[in-house]
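What follows is the content of query.cif, which has mmCIF, C-alpha atoms:
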```
data_run
#
loop_
_atom_site.label_atom_id
_atom_site.label_comp_id
_atom_site.auth_asym_id
_atom_site.auth_seq_id
_atom_site.Cartn_x
_atom_site.Cartn_y
_atom_site.Cartn_z
CA MET A 1 -88.51 93.88 94.78
CA SER A 2 -85.94 94.50 97.46
CA VAL A 3 -82.23 93.89 97.01
CA THR A 4 -82.44 90.87 99.29
CA GLU A 5 -85.29 89.37 97.30
CA MET A 6 -83.46 90.04 94.04
CA PHE A 7 -80.31 88.25 95.20
CA SER A 8 -82.39 85.39 96.60
CA SER A 9 -84.02 85.00 93.19
CA ILE A 10 -80.64 84.99 91.45
CA GLN A 11 -79.28 82.46 93.92
CA GLY A 12 -82.30 80.24 93.35
CA SER A 13 -81.79 80.38 89.58
CA LEU A 14 -78.10 79.54 89.94
CA SER A 15 -78.87 76.62 92.24
CA ALA A 16 -81.51 75.27 89.84
CA ASP A 17 -79.05 75.55 86.93
CA GLN A 18 -76.38 73.74 88.93
CA ASP A 19 -78.83 70.95 89.80
CA ILE A 20 -79.64 70.49 86.11
CA ARG A 21 -75.97 70.33 85.19
CA GLU A 22 -75.27 67.80 87.92
CA ASP A 23 -78.15 65.59 86.74
CA ILE A 24 -76.84 65.82 83.19
CA ARG A 25 -73.30 64.90 84.27
CA LYS A 26 -74.54 61.76 86.00
CA VAL A 27 -76.31 60.51 82.86
CA VAL A 28 -73.37 61.48 80.64
CA GLN A 29 -71.08 59.39 82.84
CA THR A 30 -73.24 56.33 82.17
CA LEU A 31 -73.14 57.11 78.44
CA GLU A 32 -69.36 57.37 78.58
CA GLN A 33 -69.17 53.98 80.29
CA THR A 34 -71.38 52.35 77.67
CA GLY A 35 -69.32 54.00 74.94
CA ARG A 36 -66.15 52.52 76.43
CA GLU A 37 -67.78 49.08 76.44
CA ILE A 38 -68.69 49.39 72.76
CA LEU A 39 -65.19 50.56 71.90
CA THR A 40 -63.67 47.63 73.77
CA VAL A 41 -65.83 45.23 71.77
CA LEU A 42 -64.82 46.79 68.45
CA GLN A 43 -61.11 47.17 69.16
CA SER A 44 -60.56 43.48 68.49
CA VAL A 45 -60.90 44.16 64.75
CA HIS A 46 -57.41 45.66 64.87
CA GLN A 47 -56.03 42.19 65.42
CA THR A 48 -55.64 39.86 62.45
CA ALA A 49 -57.79 37.20 64.08
CA GLY A 50 -60.41 39.81 64.87
CA PHE A 51 -61.50 40.08 61.22
CA LYS A 52 -63.26 36.73 61.52
CA GLU A 53 -65.20 37.97 64.54
CA ILE A 54 -66.56 41.15 62.97
CA PRO A 55 -70.19 39.90 62.66
CA SER A 56 -70.39 38.82 66.30
CA LYS A 57 -68.63 41.96 67.53
CA CYS A 58 -71.00 44.19 65.57
CA GLU A 59 -73.98 42.27 66.92
CA ARG A 60 -72.75 42.81 70.47
CA ALA A 61 -72.18 46.51 69.75
CA ARG A 62 -75.73 46.80 68.42
CA GLU A 63 -77.01 45.35 71.68
CA LEU A 64 -75.08 47.95 73.64
CA PHE A 65 -76.56 50.71 71.49
CA CYS A 66 -79.93 49.71 72.92
CA THR A 67 -78.52 50.77 76.29
CA VAL A 68 -77.26 54.00 74.71
CA ARG A 69 -80.75 54.84 73.45
CA THR A 70 -82.21 54.25 76.91
CA GLN A 71 -79.58 56.47 78.51
CA ILE A 72 -80.08 59.25 75.96
CA ALA A 73 -83.83 59.05 76.55
CA GLU A 74 -83.10 59.68 80.22
CA LEU A 75 -80.75 62.54 79.35
CA LYS A 76 -83.51 64.24 77.37
CA THR A 77 -85.58 64.54 80.55
CA LYS A 78 -82.88 66.42 82.47
CA PHE A 79 -83.16 69.81 80.76
CA PRO A 80 -85.70 71.95 78.85
CA THR A 81 -85.77 70.98 75.17
CA GLU A 82 -85.30 74.56 73.99
CA GLN A 83 -82.05 74.84 75.99
CA TYR A 84 -80.17 72.13 74.07
CA TYR A 85 -77.18 74.31 73.20
CA ARG A 86 -77.02 75.83 76.65
CA PHE A 87 -75.99 72.44 78.04
CA HIS A 88 -74.54 70.95 74.85
CA GLU A 89 -70.97 71.17 76.17
CA HIS A 90 -71.74 68.44 78.71
CA TRP A 91 -72.54 65.73 76.16
CA ARG A 92 -70.79 67.04 73.02
CA PHE A 93 -67.69 64.88 73.39
CA VAL A 94 -69.52 61.66 74.28
CA LEU A 95 -72.04 62.23 71.46
CA GLN A 96 -69.18 62.59 68.98
CA ARG A 97 -67.65 59.37 70.27
CA LEU A 98 -70.98 57.56 70.00
CA ALA A 99 -71.42 58.91 66.46
CA PHE A 100 -68.00 57.48 65.66
CA LEU A 101 -68.90 54.10 67.15
CA ALA A 102 -72.19 53.95 65.24
CA THR A 103 -70.42 54.92 62.02
CA PHE A 104 -67.69 52.37 62.65
CA VAL A 105 -70.16 49.55 63.29
CA VAL A 106 -72.01 50.23 60.05
CA TYR A 107 -68.73 50.39 58.14
CA LEU A 108 -67.63 47.05 59.56
CA GLU A 109 -70.99 45.54 58.61
CA THR A 110 -71.33 46.99 55.11
CA GLU A 111 -68.05 48.77 54.23
CA THR A 112 -70.04 51.92 53.50
CA LEU A 113 -70.25 55.28 55.21
CA VAL A 114 -73.50 55.76 57.07
CA VAL A 115 -75.40 59.03 56.69
CA ARG A 116 -76.19 61.34 59.59
CA GLU A 117 -79.87 60.32 59.62
CA GLU A 118 -78.97 56.68 60.19
CA VAL A 119 -76.47 57.52 62.94
CA ALA A 120 -79.17 59.57 64.68
CA LYS A 121 -81.55 56.61 64.39
CA ILE A 122 -79.00 54.26 65.95
CA LEU A 123 -78.59 56.70 68.85
CA GLY A 124 -82.31 57.29 69.19
CA ILE A 125 -82.17 61.04 68.55
CA GLU A 126 -83.30 63.53 65.92
CA VAL A 127 -81.54 65.22 63.02
CA VAL A 128 -83.66 68.38 62.84
CA ARG A 129 -82.87 70.89 65.57
CA GLU A 130 -86.49 71.95 66.00
CA LYS A 131 -87.49 68.40 66.98
CA GLY A 132 -85.41 68.42 70.16
CA PHE A 133 -82.33 66.44 71.14
CA HIS A 134 -80.51 66.01 67.84
CA LEU A 135 -77.24 65.07 66.17
CA ASP A 136 -75.59 68.28 65.09
CA VAL A 137 -73.77 68.08 61.75
CA GLU A 138 -70.50 69.04 63.46
CA ASP A 139 -70.84 66.20 65.96
CA TYR A 140 -71.62 63.77 63.14
CA LEU A 141 -68.60 64.86 61.09
CA ALA A 142 -66.36 64.70 64.15
CA GLY A 143 -67.45 61.08 64.57
CA VAL A 144 -66.66 60.38 60.91
CA LEU A 145 -63.20 61.84 61.37
CA ILE A 146 -62.48 59.64 64.34
CA MET A 147 -63.58 56.67 62.25
CA ALA A 148 -61.14 57.74 59.51
CA SER A 149 -58.36 57.16 62.01
CA GLU A 150 -59.67 53.67 62.69
CA LEU A 151 -59.91 52.94 58.96
CA VAL A 152 -56.28 53.90 58.48
CA ARG A 153 -55.30 51.39 61.14
CA ILE A 154 -57.47 48.68 59.58
CA GLU A 155 -56.13 49.28 56.08
CA LEU A 156 -52.56 49.13 57.40
CA LEU A 157 -53.29 45.84 59.10
CA TYR A 158 -54.73 44.44 55.88
CA LYS A 159 -51.76 45.79 53.95
CA LYS A 160 -49.21 44.21 56.29
CA ALA A 161 -51.08 40.92 56.05
CA SER A 162 -51.22 41.23 52.24
CA GLN A 163 -55.01 41.04 52.45
CA THR A 164 -56.00 44.44 51.06
CA PRO A 165 -58.21 43.97 47.99
CA LYS A 166 -58.15 46.85 45.49
CA LEU A 167 -61.92 47.23 45.78
CA ARG A 168 -61.62 47.77 49.53
CA LEU A 169 -59.12 50.58 48.97
CA LEU A 170 -61.44 52.19 46.44
CA ARG A 171 -64.30 52.14 48.94
CA PHE A 172 -62.03 53.66 51.57
CA SER A 173 -60.98 56.34 49.08
CA ALA A 174 -64.64 57.13 48.41
CA ILE A 175 -65.23 57.62 52.13
CA LEU A 176 -62.36 60.08 52.36
CA ASP A 177 -63.84 61.95 49.40
CA PHE A 178 -67.14 62.21 51.27
CA VAL A 179 -65.37 63.58 54.34
CA LYS A 180 -63.50 66.13 52.22
CA ASN A 181 -66.71 67.31 50.54
CA SER A 182 -68.53 67.48 53.86
CA PHE A 183 -65.90 69.87 55.20
CA PHE A 184 -66.79 72.50 52.66
CA GLN A 185 -70.51 72.30 53.36
CA THR A 186 -69.94 73.68 56.85
CA SER A 187 -69.28 77.22 58.00
CA PRO A 188 -65.64 78.46 58.01
CA LYS A 189 -65.53 78.42 61.81
CA ARG A 190 -66.73 74.82 61.95
CA LEU A 191 -64.39 73.92 59.13
CA VAL A 192 -61.38 75.02 61.17
CA ARG A 193 -62.49 72.95 64.15
CA ILE A 194 -63.23 69.89 62.02
CA ILE A 195 -59.89 70.02 60.19
CA HIS A 196 -58.12 70.45 63.53
CA ASN A 197 -59.86 67.33 64.85
CA PHE A 198 -59.07 65.46 61.65
CA LEU A 199 -55.35 66.19 61.92
CA TRP A 200 -55.36 65.39 65.63
CA PHE A 201 -56.97 61.97 65.22
CA ILE A 202 -55.30 60.94 61.97
CA ILE A 203 -51.76 62.15 62.55
CA GLY A 204 -51.92 60.99 66.16
CA SER A 205 -52.30 57.41 64.94
CA MET A 206 -49.89 57.64 62.01
CA PRO A 207 -46.54 55.80 62.25
CA SER A 208 -44.02 58.16 60.70
CA GLU A 209 -42.13 55.39 58.91
CA ILE A 210 -45.15 54.24 56.87
CA MET A 211 -45.80 56.27 53.75
CA PHE A 212 -49.14 54.60 53.00
CA GLU A 213 -50.97 56.57 55.67
CA ARG A 214 -49.47 59.83 54.54
CA LEU A 215 -50.78 59.23 51.05
CA LEU A 216 -54.26 58.76 52.50
CA ILE A 217 -53.99 62.06 54.35
CA CYS A 218 -52.85 63.87 51.20
CA HIS A 219 -55.69 62.31 49.22
CA CYS A 220 -58.25 63.62 51.68
CA PHE A 221 -57.06 67.19 51.15
#
```

Translate this structure into structure tokens?
Amino acid sequence: MSVTEMFSSIQGSLSADQDIREDIRKVVQTLEQTGREILTVLQSVHQTAGFKEIPSKCERARELFCTVRTQIAELKTKFPTEQYYRFHEHWRFVLQRLAFLATFVVYLETETLVVREEVAKILGIEVVREKGFHLDVEDYLAGVLIMASELVRIELLYKKASQTPKLRLLRFSAILDFVKNSFFQTSPKRLVRIIHNFLWFIIGSMPSEIMFERLLICHCF
């Protein structure tokens, strides 16, 4: 093979890779839009009147997750299955946000923390890496951590409205225990990233004058 042919082959490979990434970006943009729509629907629960609308809001969110599954199905066709982690950076953030939204919906419906398998089912993807497009444990835990921030806000709203039953606080405490235990089932490198995300999302939403939230943070660690 001549030098010219070699460089032509390299250029062709680079162009093909760029085409794949561009196709992926287009689908990810639609996923991000759908994710924003779901978040908008769920944000009303942070208003006192929004508590009464939780069933209808969750139902609407479930409908939008049907769109998410369709979009992810399209995303799966844009790259070779065995190259999941080669392109993972393109959808990592949106997948974490969608994991958060799925976890949040289930919590609002049942006041329990959904397992990774159920989140993957809601998103229409796998849990086992060998089966293709899957929900990595780090992406799942990142979603749980984002939800922890939302739970702090909800509990504060209940507290201010004097509507926080003791049982609800116990369930919330149990969820934080699960998050804490999940940290130490991951590798040290992942643990650092997860804790960083936890502090970023939790402390970022924490009013400094309210001690209640700080106690929740301390409990988690």

**Request:** Name all residues at most 9 Å from Arg62 (chain A) (count all atoms listed in the file; drop same-chain ones fewer than 2 positions away) and give them as number ranges by chain.
**Result:** A: 38, 57-60, 64-66, 102, 105, 122

**Request:** Name the closest residue to Glu150 (chain A) among the candidates A:Lys26, A:His46, A:Arg21, A:His134; distances are taken between atoms, counting all atoms listed in the file.
**Result:**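 Of all the options, A:His46 lies closest to Glu150 (chain A).
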
**Request:** Compare A:Glu117, A:Gln96, A:Ile125, A:Val152 by their minimum atom-to-atom distance to Tyr140 (chain A), counting only C-alpha atoms, and give me the closest one.
**Result:**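 Answer, going by the shortest atom-to-atom distance: A:Gln96.
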
**Message:** Residue by residue, what does the PyMOL selection byres ((chain A and resi 20) around 12) grab here? Present the result as an MDAnalysis selection string.
**Reply:** chainID A and resid 13:19 21:27 75:80 83 86:87 90

**Message:** I'd like the neighbourhood of Val114 (chain A) as a list of chain:residue names, where a residue qualifies if any of its atoms comes within 9 Å (using all atoms listed in the file), though same-chain residues fewer than 3 positions away should be ignored.
**Reply:**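 Counting all atoms listed in the file, the residues come to A:Ala102, A:Thr103, A:Phe104, A:Val106, A:Tyr107, A:Glu117, A:Glu118, A:Val119.
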
**Request:** One decimal, Å: what's the distance from CA of Leu108 (chain A) over to CA of Lys121 (chain A), could you say?
**Result:** 17.6 Å

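Each of A:Leu98, A:Ile54, A:Val144, A:Ala61 was compared to Thr112 (chain A) using only C-alpha atoms, and A:Val144 turns out to be the nearest.
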
**Item:** Atom-to-atom span, CA of Glu32 (chain A) and CA of Ile72 (chain A), Å
**Value:**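 These two atoms are separated by 11.2 Å.
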
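For the pair CA of Glu63 (chain A) and CA of Arg36 (chain A), the separation is 13.9 Å.
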
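Candidate residues A:Phe93, A:His88, A:Thr81, A:Thr30 were compared for distance to Lys131 (chain A), and the nearest is A:Thr81, using only C-alpha atoms.
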
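Considering only C-alpha atoms, the residue among A:Arg116, A:Glu130, A:Gly143, A:Thr40 positioned nearest to Leu95 (chain A) is A:Gly143.
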